[in-house]
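As provided, target19.txt (compact mmCIF, C-alpha atoms) reads as follows.
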```
# COMPACT_ATOMS: atom_id res chain seq x y z
CA MET A 3 -65.81 61.08 6.65
CA ALA A 4 -65.92 57.67 5.00
CA VAL A 5 -64.05 58.98 1.97
CA VAL A 6 -61.39 60.52 4.23
CA ILE A 7 -60.97 57.28 6.21
CA VAL A 8 -60.68 55.14 3.06
CA ALA A 9 -58.14 57.56 1.59
CA ALA A 10 -56.10 57.46 4.82
CA LEU A 11 -56.11 53.64 4.87
CA ILE A 12 -54.96 53.52 1.26
CA ALA A 13 -52.14 55.98 2.00
CA ILE A 14 -51.00 54.02 5.08
CA THR A 15 -51.06 50.70 3.20
CA PHE A 16 -49.05 52.15 0.34
CA GLY A 17 -46.49 53.62 2.76
CA LEU A 18 -46.07 50.35 4.66
CA SER A 19 -45.53 48.46 1.42
CA ARG A 20 -42.64 50.77 0.59
CA LEU A 21 -40.81 50.11 3.88
CA GLU A 22 -37.89 47.61 3.96
CA PRO A 23 -38.12 44.65 6.38
CA GLY A 24 -36.27 45.05 9.68
CA ALA A 25 -32.82 43.45 10.15
CA PRO A 26 -32.94 40.06 11.92
CA SER A 27 -31.32 39.80 15.34
CA VAL A 28 -28.51 37.36 16.18
CA GLU A 29 -26.94 36.55 19.54
CA ARG A 30 -23.35 37.83 19.48
CA ALA A 31 -22.18 34.81 21.46
CA SER A 32 -23.57 32.45 18.82
CA VAL A 33 -21.35 33.70 15.97
CA TRP A 34 -17.62 33.34 15.40
CA VAL A 35 -15.96 36.70 14.80
CA GLY A 36 -12.49 37.18 13.33
CA THR A 37 -10.29 40.25 12.97
CA VAL A 38 -8.42 41.04 9.75
CA GLN A 39 -4.65 41.15 10.39
CA ARG A 40 -1.50 41.81 8.43
CA GLY A 41 1.68 39.79 8.75
CA GLU A 42 3.11 36.33 8.15
CA MET A 43 0.63 33.72 6.95
CA VAL A 44 1.46 30.02 6.90
CA ILE A 45 -0.32 28.10 4.14
CA GLU A 46 -1.04 24.55 5.30
CA VAL A 47 -3.13 21.55 4.38
CA ARG A 48 -4.63 19.26 6.96
CA GLY A 49 -5.64 15.63 7.06
CA PRO A 50 -6.36 12.83 9.51
CA GLY A 51 -4.22 9.74 9.70
CA SER A 52 -2.54 7.24 11.98
CA LEU A 53 0.91 6.18 13.16
CA VAL A 54 2.33 3.09 11.48
CA PRO A 55 5.68 1.32 11.92
CA GLU A 56 8.46 2.30 9.57
CA ARG A 57 10.05 -1.14 9.94
CA PHE A 58 8.18 -4.38 10.40
CA TRP A 59 8.64 -8.05 9.67
CA TRP A 60 5.99 -10.45 8.42
CA VAL A 61 6.51 -13.93 9.85
CA THR A 62 5.38 -16.56 7.34
CA ALA A 63 5.22 -20.34 7.37
CA SER A 64 8.12 -21.95 5.51
CA ARG A 65 6.58 -25.42 5.69
CA GLU A 66 3.13 -26.96 5.75
CA GLY A 67 1.92 -27.82 9.22
CA ARG A 68 -0.65 -27.51 11.97
CA VAL A 69 -0.37 -24.91 14.74
CA GLU A 70 0.36 -26.89 17.91
CA ARG A 71 0.72 -23.98 20.32
CA ILE A 72 1.27 -20.21 20.47
CA ASP A 73 3.90 -19.18 23.00
CA VAL A 74 3.89 -15.36 22.68
CA LEU A 75 0.94 -12.95 22.70
CA PRO A 76 0.72 -9.58 20.88
CA GLY A 77 2.39 -6.71 22.72
CA THR A 78 5.28 -8.84 24.00
CA PRO A 79 8.87 -7.67 23.27
CA VAL A 80 10.72 -10.30 21.24
CA ASN A 81 14.20 -10.96 19.86
CA HIS A 82 14.94 -12.37 16.43
CA ASP A 83 15.32 -15.90 17.87
CA THR A 84 12.27 -15.83 20.15
CA VAL A 85 9.97 -18.80 19.42
CA LEU A 86 6.51 -17.41 18.70
CA MET A 87 4.66 -20.66 17.97
CA VAL A 88 5.23 -24.32 17.20
CA LEU A 89 3.90 -26.19 14.16
CA SER A 90 3.70 -29.94 13.65
CA ASN A 91 4.26 -31.98 10.48
CA PRO A 92 4.54 -35.77 11.04
CA GLU A 93 5.61 -36.45 7.44
CA LEU A 94 8.46 -33.96 7.68
CA GLU A 95 9.60 -35.35 11.01
CA GLN A 96 9.52 -38.91 9.59
CA SER A 97 11.59 -37.82 6.58
CA ALA A 98 14.19 -36.39 8.97
CA VAL A 99 14.43 -39.75 10.76
CA GLU A 100 14.77 -41.58 7.44
CA ALA A 101 17.49 -39.16 6.33
CA GLU A 102 19.40 -39.84 9.57
CA TYR A 103 19.28 -43.64 9.02
CA ARG A 104 20.28 -43.18 5.40
CA LEU A 105 23.34 -41.18 6.45
CA LYS A 106 24.34 -43.85 8.95
CA SER A 107 23.98 -46.52 6.24
CA SER A 108 26.12 -44.59 3.76
CA GLU A 109 28.77 -43.93 6.41
CA ALA A 110 28.86 -47.65 7.25
CA GLU A 111 29.15 -48.49 3.56
CA ALA A 112 32.06 -46.04 3.25
CA ALA A 113 33.85 -47.71 6.17
CA ALA A 114 33.26 -51.17 4.70
CA LEU A 115 34.46 -50.05 1.28
CA GLU A 116 37.61 -48.63 2.80
CA LYS A 117 38.33 -51.99 4.47
CA ARG A 118 37.70 -53.91 1.24
CA LEU A 119 39.97 -51.67 -0.78
CA GLU A 120 42.64 -51.83 1.86
CA SER A 121 42.45 -55.66 1.89
CA ARG A 122 42.71 -55.76 -1.89
CA LEU A 123 45.77 -53.54 -1.86
CA LEU A 124 47.35 -55.66 0.85
CA ASP A 125 46.83 -58.79 -1.28
CA ILE A 126 48.60 -57.18 -4.21
CA GLU A 127 51.41 -55.95 -1.96
CA ALA A 128 51.80 -59.51 -0.64
CA ILE A 129 52.08 -60.82 -4.19
CA ILE A 130 54.66 -58.17 -4.96
CA ALA A 131 56.64 -59.14 -1.87
CA THR A 132 56.60 -62.79 -2.95
CA ILE A 133 57.74 -61.92 -6.46
CA GLU A 134 60.52 -59.70 -5.10
CA ALA A 135 61.71 -62.60 -2.93
CA ASN A 136 61.60 -64.96 -5.91
CA LEU A 137 63.44 -62.42 -8.02
CA HIS A 138 66.12 -62.06 -5.39
CA GLU A 139 66.48 -65.82 -5.21
CA ALA A 140 66.62 -66.03 -9.01
CA ASN A 141 69.33 -63.39 -9.14
CA LEU A 142 71.40 -65.26 -6.60
CA GLN A 143 70.92 -68.54 -8.47
CA GLY A 144 71.78 -66.82 -11.72
CA GLU A 145 75.06 -65.53 -10.30
CA VAL A 146 75.97 -69.01 -9.06
CA ASP A 147 75.06 -70.64 -12.37
CA GLU A 148 77.07 -68.04 -14.27
CA GLU A 149 80.22 -68.76 -12.22
CA LEU A 150 79.73 -72.52 -12.51
CA HIS A 151 79.11 -72.21 -16.26
CA GLN A 152 82.36 -70.30 -16.68
CA SER A 153 84.21 -73.01 -14.72
CA GLY A 154 82.49 -75.71 -16.74
CA ASP A 155 80.60 -77.27 -13.87
CA VAL A 156 77.13 -76.19 -15.16
CA SER A 157 75.86 -76.50 -18.66
CA ARG A 158 74.97 -73.50 -20.75
CA LEU A 159 71.31 -74.63 -20.75
CA GLN A 160 71.18 -74.43 -16.97
CA TRP A 161 72.62 -70.92 -17.07
CA GLU A 162 70.07 -69.83 -19.72
CA PHE A 163 67.29 -71.28 -17.61
CA SER A 164 68.43 -69.16 -14.63
CA LYS A 165 68.47 -66.01 -16.79
CA ALA A 166 64.97 -66.78 -18.12
CA ARG A 167 63.67 -67.19 -14.59
CA ILE A 168 65.15 -63.81 -13.64
CA GLU A 169 63.45 -62.14 -16.62
CA GLN A 170 60.15 -63.82 -15.76
CA GLN A 171 60.18 -62.62 -12.15
CA THR A 172 61.19 -59.13 -13.27
CA ARG A 173 58.22 -58.93 -15.66
CA LEU A 174 55.85 -60.30 -13.01
CA LEU A 175 57.11 -57.71 -10.55
CA ALA A 176 56.51 -54.89 -13.05
CA ILE A 177 53.01 -56.16 -13.81
CA GLN A 178 52.04 -56.41 -10.15
CA LYS A 179 53.41 -52.92 -9.45
CA ARG A 180 51.31 -51.53 -12.32
CA ARG A 181 48.34 -53.48 -10.95
CA LEU A 182 48.96 -51.95 -7.51
CA ALA A 183 49.04 -48.43 -8.98
CA VAL A 184 45.78 -49.04 -10.88
CA HIS A 185 44.08 -50.41 -7.78
CA ARG A 186 45.24 -47.45 -5.75
CA GLU A 187 43.78 -45.04 -8.32
CA SER A 188 40.57 -47.06 -8.41
CA ALA A 189 40.41 -47.04 -4.62
CA VAL A 190 40.70 -43.26 -4.56
CA THR A 191 37.89 -42.97 -7.12
CA GLU A 192 35.61 -45.39 -5.28
CA MET A 193 36.24 -43.71 -1.94
CA ALA A 194 35.55 -40.29 -3.48
CA LYS A 195 32.31 -41.60 -4.96
CA GLN A 196 31.21 -43.04 -1.63
CA ALA A 197 32.30 -39.86 0.17
CA ALA A 198 30.09 -37.86 -2.20
CA ILE A 199 27.15 -40.12 -1.33
CA VAL A 200 27.87 -39.60 2.37
CA GLU A 201 28.05 -35.82 1.93
CA GLN A 202 24.83 -35.86 -0.07
CA ASP A 203 23.07 -37.82 2.67
CA ARG A 204 24.56 -35.53 5.32
CA ALA A 205 23.32 -32.45 3.45
CA LEU A 206 19.88 -34.04 3.10
CA LEU A 207 19.79 -34.75 6.83
CA GLN A 208 20.86 -31.18 7.60
CA LEU A 209 18.12 -29.89 5.30
CA ARG A 210 15.52 -32.09 6.96
CA ARG A 211 16.66 -30.95 10.39
CA ILE A 212 16.44 -27.31 9.33
CA GLN A 213 12.96 -27.97 8.00
CA VAL A 214 11.95 -29.61 11.28
CA GLU A 215 13.50 -26.72 13.23
CA SER A 216 11.51 -24.28 11.06
CA LEU A 217 8.38 -25.75 12.62
CA GLN A 218 9.44 -23.72 15.66
CA VAL A 219 8.53 -20.32 14.26
CA THR A 220 10.85 -17.54 15.46
CA ALA A 221 10.33 -13.78 15.30
CA GLY A 222 13.28 -13.09 12.97
CA PHE A 223 13.29 -9.43 14.05
CA ASP A 224 13.96 -7.51 17.26
CA GLY A 225 10.89 -5.56 18.31
CA VAL A 226 7.38 -6.15 19.58
CA LEU A 227 4.93 -8.80 18.43
CA ASP A 228 2.17 -6.73 16.85
CA GLN A 229 -0.32 -9.38 15.79
CA VAL A 230 -0.85 -13.13 15.50
CA ALA A 231 -2.78 -14.14 12.39
CA VAL A 232 -3.47 -17.82 13.17
CA GLU A 233 -5.08 -19.92 15.89
CA VAL A 234 -4.13 -23.15 17.61
CA GLY A 235 -5.16 -26.14 15.50
CA GLN A 236 -5.19 -24.19 12.24
CA HIS A 237 -3.60 -25.87 9.20
CA VAL A 238 -1.21 -23.59 7.34
CA MET A 239 0.53 -23.83 3.99
CA PRO A 240 3.97 -22.48 3.01
CA GLY A 241 3.82 -18.70 2.70
CA THR A 242 0.88 -18.30 5.08
CA THR A 243 1.19 -15.16 7.22
CA LEU A 244 1.55 -16.18 10.85
CA ALA A 245 2.43 -12.97 12.72
CA ARG A 246 3.88 -9.47 12.41
CA VAL A 247 6.76 -8.03 14.44
CA ILE A 248 7.30 -4.26 14.51
CA ASN A 249 9.70 -1.70 15.91
CA GLU A 250 7.34 0.45 17.95
CA ARG A 251 9.92 3.20 18.46
CA GLN A 252 10.34 3.82 14.72
CA LEU A 253 6.98 5.13 13.58
CA LYS A 254 5.80 7.34 10.76
CA ALA A 255 2.54 9.18 10.23
CA VAL A 256 0.34 8.24 7.29
CA LEU A 257 -1.99 11.14 6.51
CA ARG A 258 -5.00 11.24 4.18
CA ILE A 259 -5.02 14.64 2.44
CA PRO A 260 -8.05 15.62 0.31
CA GLU A 261 -7.14 15.35 -3.36
CA THR A 262 -8.12 18.97 -3.99
CA GLN A 263 -5.50 20.12 -1.47
CA ALA A 264 -2.78 17.57 -2.20
CA ARG A 265 -1.66 19.02 -5.53
CA ASP A 266 0.86 21.35 -3.84
CA VAL A 267 2.24 18.78 -1.40
CA GLN A 268 5.87 17.91 -2.12
CA ILE A 269 8.47 15.62 -0.58
CA GLY A 270 10.63 17.42 1.99
CA GLN A 271 7.99 19.90 3.17
CA ARG A 272 7.70 20.52 6.89
CA ALA A 273 4.84 18.90 8.76
CA SER A 274 3.48 18.55 12.27
CA VAL A 275 1.52 15.63 13.71
CA ASP A 276 -0.85 16.01 16.65
CA THR A 277 -1.16 12.81 18.70
CA ARG A 278 -3.67 14.40 21.10
CA ASN A 279 -0.95 14.29 23.77
CA SER A 280 1.73 16.31 21.99
CA VAL A 281 2.76 17.66 18.60
CA ILE A 282 5.61 15.96 16.71
CA GLU A 283 7.56 17.70 13.98
CA GLY A 284 8.29 15.86 10.74
CA VAL A 285 8.89 16.06 7.00
CA VAL A 286 7.00 14.62 4.04
CA SER A 287 8.83 11.46 2.93
CA ARG A 288 6.44 9.89 0.38
CA ILE A 289 3.35 10.81 -1.64
CA ASP A 290 1.13 8.06 -2.99
CA PRO A 291 0.60 8.60 -6.73
CA ALA A 292 -2.91 7.14 -6.61
CA VAL A 293 -6.11 8.68 -5.21
CA GLN A 294 -8.30 6.53 -2.99
CA ASP A 295 -11.73 7.59 -1.76
CA GLY A 296 -11.00 11.21 -2.66
CA THR A 297 -7.78 11.41 -0.63
CA VAL A 298 -4.05 11.10 -1.28
CA THR A 299 -1.92 9.14 1.19
CA VAL A 300 1.11 11.10 2.40
CA ASP A 301 3.84 9.61 4.62
CA VAL A 302 5.48 11.90 7.18
CA ARG A 303 8.82 10.92 8.73
CA LEU A 304 8.82 11.96 12.37
CA LEU A 305 11.81 13.84 13.77
CA GLY A 306 13.23 13.48 17.26
CA GLU A 307 12.10 11.25 20.08
CA LEU A 308 8.55 9.99 20.12
CA PRO A 309 6.44 11.12 23.09
CA ARG A 310 5.09 8.69 25.62
CA GLY A 311 1.89 7.08 24.47
CA ALA A 312 2.85 7.14 20.78
CA ARG A 313 2.13 3.70 19.44
CA PRO A 314 1.11 2.09 16.16
CA ASP A 315 -2.40 2.65 14.79
CA ILE A 316 -3.32 5.57 17.06
CA THR A 317 -5.34 8.29 15.32
CA VAL A 318 -3.49 11.54 14.63
CA ASP A 319 -4.15 14.84 12.91
CA GLY A 320 -1.46 16.18 10.59
CA ARG A 321 -0.63 19.48 8.99
CA ILE A 322 1.74 20.05 6.06
CA GLU A 323 3.27 23.47 5.47
CA LEU A 324 3.06 24.39 1.79
CA ASN A 325 4.25 28.01 1.80
CA ARG A 326 4.75 31.13 3.90
CA LEU A 327 3.53 34.61 2.95
CA ASP A 328 5.69 37.15 4.79
CA ASP A 329 3.34 40.15 4.43
CA ALA A 330 -0.27 39.20 3.80
CA ILE A 331 -3.67 40.50 4.89
CA HIS A 332 -5.45 37.52 6.36
CA VAL A 333 -8.26 36.50 8.65
CA GLY A 334 -9.59 33.28 10.13
CA ARG A 335 -10.97 30.92 7.51
CA PRO A 336 -14.73 31.38 7.00
CA VAL A 337 -16.99 28.40 6.60
CA PHE A 338 -17.13 27.08 3.01
CA ALA A 339 -14.30 29.40 1.89
CA ALA A 340 -12.38 28.26 -1.21
CA ALA A 341 -9.08 29.58 -2.51
CA ASN A 342 -9.22 32.41 -5.06
CA SER A 343 -13.01 32.81 -4.79
CA LEU A 344 -15.39 35.73 -4.31
CA ILE A 345 -17.59 35.42 -1.25
CA SER A 346 -19.70 37.71 0.91
CA LEU A 347 -19.10 38.25 4.62
CA PHE A 348 -20.90 40.24 7.31
CA ARG A 349 -18.58 43.02 8.48
CA LEU A 350 -19.28 44.42 11.95
CA ASP A 351 -20.02 48.11 12.30
CA PRO A 352 -17.94 49.31 15.28
CA ASP A 353 -20.37 52.17 16.07
CA GLU A 354 -23.58 50.13 15.92
CA ASN A 355 -24.52 46.62 16.91
CA THR A 356 -25.02 45.63 13.29
CA ALA A 357 -23.16 43.70 10.58
CA VAL A 358 -23.36 44.55 6.89
CA ARG A 359 -22.77 42.14 4.02
CA VAL A 360 -19.72 43.02 1.90
CA PRO A 361 -18.11 41.21 -1.08
CA VAL A 362 -14.63 39.83 -0.33
CA GLN A 363 -12.09 38.48 -2.78
CA LEU A 364 -10.05 35.62 -1.28
CA GLY A 365 -6.55 34.53 -2.24
CA ALA A 366 -4.61 31.59 -0.81
CA THR A 367 -6.29 29.50 1.88
CA SER A 368 -4.79 27.53 4.72
CA VAL A 369 -6.18 25.24 7.41
CA THR A 370 -7.37 28.03 9.71
CA THR A 371 -6.64 31.25 7.80
CA VAL A 372 -7.39 32.79 4.43
CA GLU A 373 -5.71 35.60 2.48
CA ILE A 374 -7.76 38.74 1.79
CA VAL A 375 -7.16 40.21 -1.65
CA SER A 376 -9.82 42.94 -1.53
CA GLY A 377 -13.02 43.93 0.26
CA LEU A 378 -11.65 44.21 3.82
CA GLU A 379 -9.09 46.31 5.63
CA VAL A 380 -6.76 45.54 8.51
CA GLY A 381 -8.72 45.76 11.75
CA ASP A 382 -12.11 44.91 10.26
CA GLN A 383 -14.12 42.34 12.15
CA VAL A 384 -16.18 39.85 10.19
CA ILE A 385 -18.43 36.92 11.02
CA LEU A 386 -16.68 33.69 10.04
CA SER A 387 -19.32 31.20 11.14
CA ASP A 388 -22.07 29.86 8.90
CA THR A 389 -24.56 32.61 7.96
CA SER A 390 -26.28 30.84 5.08
CA ARG A 391 -29.71 31.27 6.71
CA TYR A 392 -29.30 35.04 6.28
CA ASP A 393 -28.53 34.89 2.54
CA ASP A 394 -31.66 36.94 1.80
CA VAL A 395 -30.63 39.96 3.94
CA ASP A 396 -27.73 42.38 3.74
CA ARG A 397 -27.75 43.48 7.38
CA ILE A 398 -28.13 41.68 10.70
CA ARG A 399 -28.37 43.06 14.19
CA LEU A 400 -26.19 41.68 16.98
CA LYS A 401 -27.58 41.60 20.45
CA GLU A 402 -25.77 40.87 23.68
```
Structure re-expressed in structure tokens:
Amino acid sequence: MAVVIVAALIAITFGLSRLEPGAPSVERASVWVGTVQRGEMVIEVRGPGSLVPERFWWVTASREGRVERIDVLPGTPVNHDTVLMVLSNPELEQSAVEAEYRLKSSEAEAAALEKRLESRLLDIEAIIATIEANLHEANLQGEVDEELHQSGDVSRLQWEFSKARIEQQTRLLAIQKRRLAVHRESAVTEMAKQAAIVEQDRALLQLRRIQVESLQVTAGFDGVLDQVAVEVGQHVMPGTTLARVINERQLKAVLRIPETQARDVQIGQRASVDTRNSVIEGVVSRIDPAVQDGTVTVDVRLLGELPRGARPDITVDGRIELNRLDDAIHVGRPVFAAANSLISLFRLDPDENTAVRVPVQLGATSVTTVEIVSGLEVGDQVILSDTSRYDDVDRIRLKE
């Protein structure tokens, strides 16, 4: 009896060791099941991003100064001439006052010079008038002396003296007229020189006034004040960024596409941007040539009117359409699926509540779908969720 019992135990132990382990059970509701279909497949890439203004204007300080006050807060609509803040610069304001006094001084000097030149010209004209009178008198005396000399009442010496006096006054008149012409030319030159000084001082005053006016910082752009980069009392230098004005109705989406997926992205491709409230259609307008933190920055120009609630810096989710396959066998994208790779999936048995592991060759992949090259047929149902904990089994049992 003992020998029989030992032999039976050995036989049972050997038989149990030859049995395969039972299939593990999985709740059907805990797995994601997809059905293989045939038809059009859109190949897309996906990436997060945000809305940013297409047009904006950085307001910078043109002069050194201290922020006296800030008149407009971020979010306020502004025009190009809206005063955003006021700076102060006592040295600049003093230089404007000095330039104003300098202009007044040069204008007064120009007026005084004009009077002096006019007086000088009048003196010369008076001399000319006197000489002309003397010349006229000499001519009359010469005519009388000539007649008397011919009649013998006046000596020839007296007549020669009269002619010499006429010649003298004629020469003096010519000299004074030349002197008058020279003085007139000189007066024009001196007045032009002084006028240039006045214009120079006037331009300097205008420049100083413009510089003082620039202490009242204006928006320079029609839109909305997006941010103020300084505080009251802060000292700023020329070129310091003071604020930013944007056009909040002209936005674009800036998406961050993983570098492994961005190689097929091209300018002009269709895209869609999900703002959580609505989906906006768009096209790819720019691709950053550099890679940052494993992603490529892609700009999408939005088409049509922006929905309500769309504003700068809100988080969005974008998709870019790379290609369309008109007749492809495809299924929902399994977890960890890569393009053109061989993976294994659990295919559901329609007659039994089980799923069997099968090898599947993948083709092109998209955001939510993947192309099936071989291993599955249209209508097959497969588990798409993560089944890595069942890598050591080829069959699992699904329970309701």
Show which residues sit within 12 Å of Glu402 in chain A, as a count of residues only. Count all atoms listed in the file, and ignore same-chain residues fewer than 6 positions away.
9
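The shortest atom-to-atom distance to Arg397 in chain A, with all atoms listed in the file taken into account, belongs to A:Asp351 out of A:Asp382, A:Asp351, A:Glu134, A:Glu373.
The residue that comes closest to Phe348 in chain A, out of A:Val35, A:Leu137, A:Met43, A:Asp290 and on the basis of only C-alpha atoms, is A:Val35.
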Selected residue, from A:Asp396, A:Glu233, A:Glu192, A:Glu100, that lies nearest to Ile72 in chain A when counting only C-alpha atoms
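So, comparing all the options, the nearest one is A:Glu233.
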What is the CA of Pro352 in chain A-CA of Ala25 in chain A distance in Å, reported with one decimal?
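Result for CA of Pro352 in chain A versus CA of Ala25 in chain A: 16.8 Å, one decimal.
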Restricting to all atoms listed in the file, whichever of A:Lys401, A:His332, A:Arg204, A:Arg303 is closest to Tyr103 in chain A is A:Arg204
My list of candidates is A:Ile130, A:Ala197, A:Val146, A:Val384. Which is closest to Leu174 in chain A when distances are computed with all atoms listed in the file?
A:Ile130
Residue contacts of range 221-223 of chain A (7 Å, all atoms listed in the file) excluding same-chain residues fewer than 2 positions away, as a count of residues only
12
Could you produce a table of the residues of range 267-300 of chain A lying within 7 Å of range 318-322 of chain A, with the nearest pair of atoms per residue and their separation in Å rounded to one decimal, using all atoms listed in the file, ordered by chain and increasing residue number, as a Markdown table?
```
| residue | atom | partner | partner_atom | distance |
| --- | --- | --- | --- | --- |
| A:Gln271 | CA | A:Ile322 | CA | 6.9 |
| A:Arg272 | CA | A:Ile322 | CA | 6.0 |
| A:Ala273 | CA | A:Ile322 | CA | 4.3 |
| A:Ser274 | CA | A:Arg321 | CA | 5.3 |
| A:Val275 | CA | A:Gly320 | CA | 4.3 |
| A:Asp276 | CA | A:Asp319 | CA | 5.1 |
| A:Thr277 | CA | A:Val318 | CA | 4.9 |
```
Take the selection from the previous step and output its residues with C-alpha atoms, as a PDB file, in the coordinates of the input.
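Final file, again.pdb:
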```pdb
ATOM      1  CA  GLN A 271       7.990  19.900   3.170  1.00  0.00           C
ATOM      2  CA  ARG A 272       7.700  20.520   6.890  1.00  0.00           C
ATOM      3  CA  ALA A 273       4.840  18.900   8.760  1.00  0.00           C
ATOM      4  CA  SER A 274       3.480  18.550  12.270  1.00  0.00           C
ATOM      5  CA  VAL A 275       1.520  15.630  13.710  1.00  0.00           C
ATOM      6  CA  ASP A 276      -0.850  16.010  16.650  1.00  0.00           C
ATOM      7  CA  THR A 277      -1.160  12.810  18.700  1.00  0.00           C
TER       8      THR A 277
END
```
Selection: 7 Å around Met239 in chain A, all atoms listed in the file, excl. self and same-chain fewer than 6 positions, as a VMD selection string:
chain A and resid 63 65 to 67
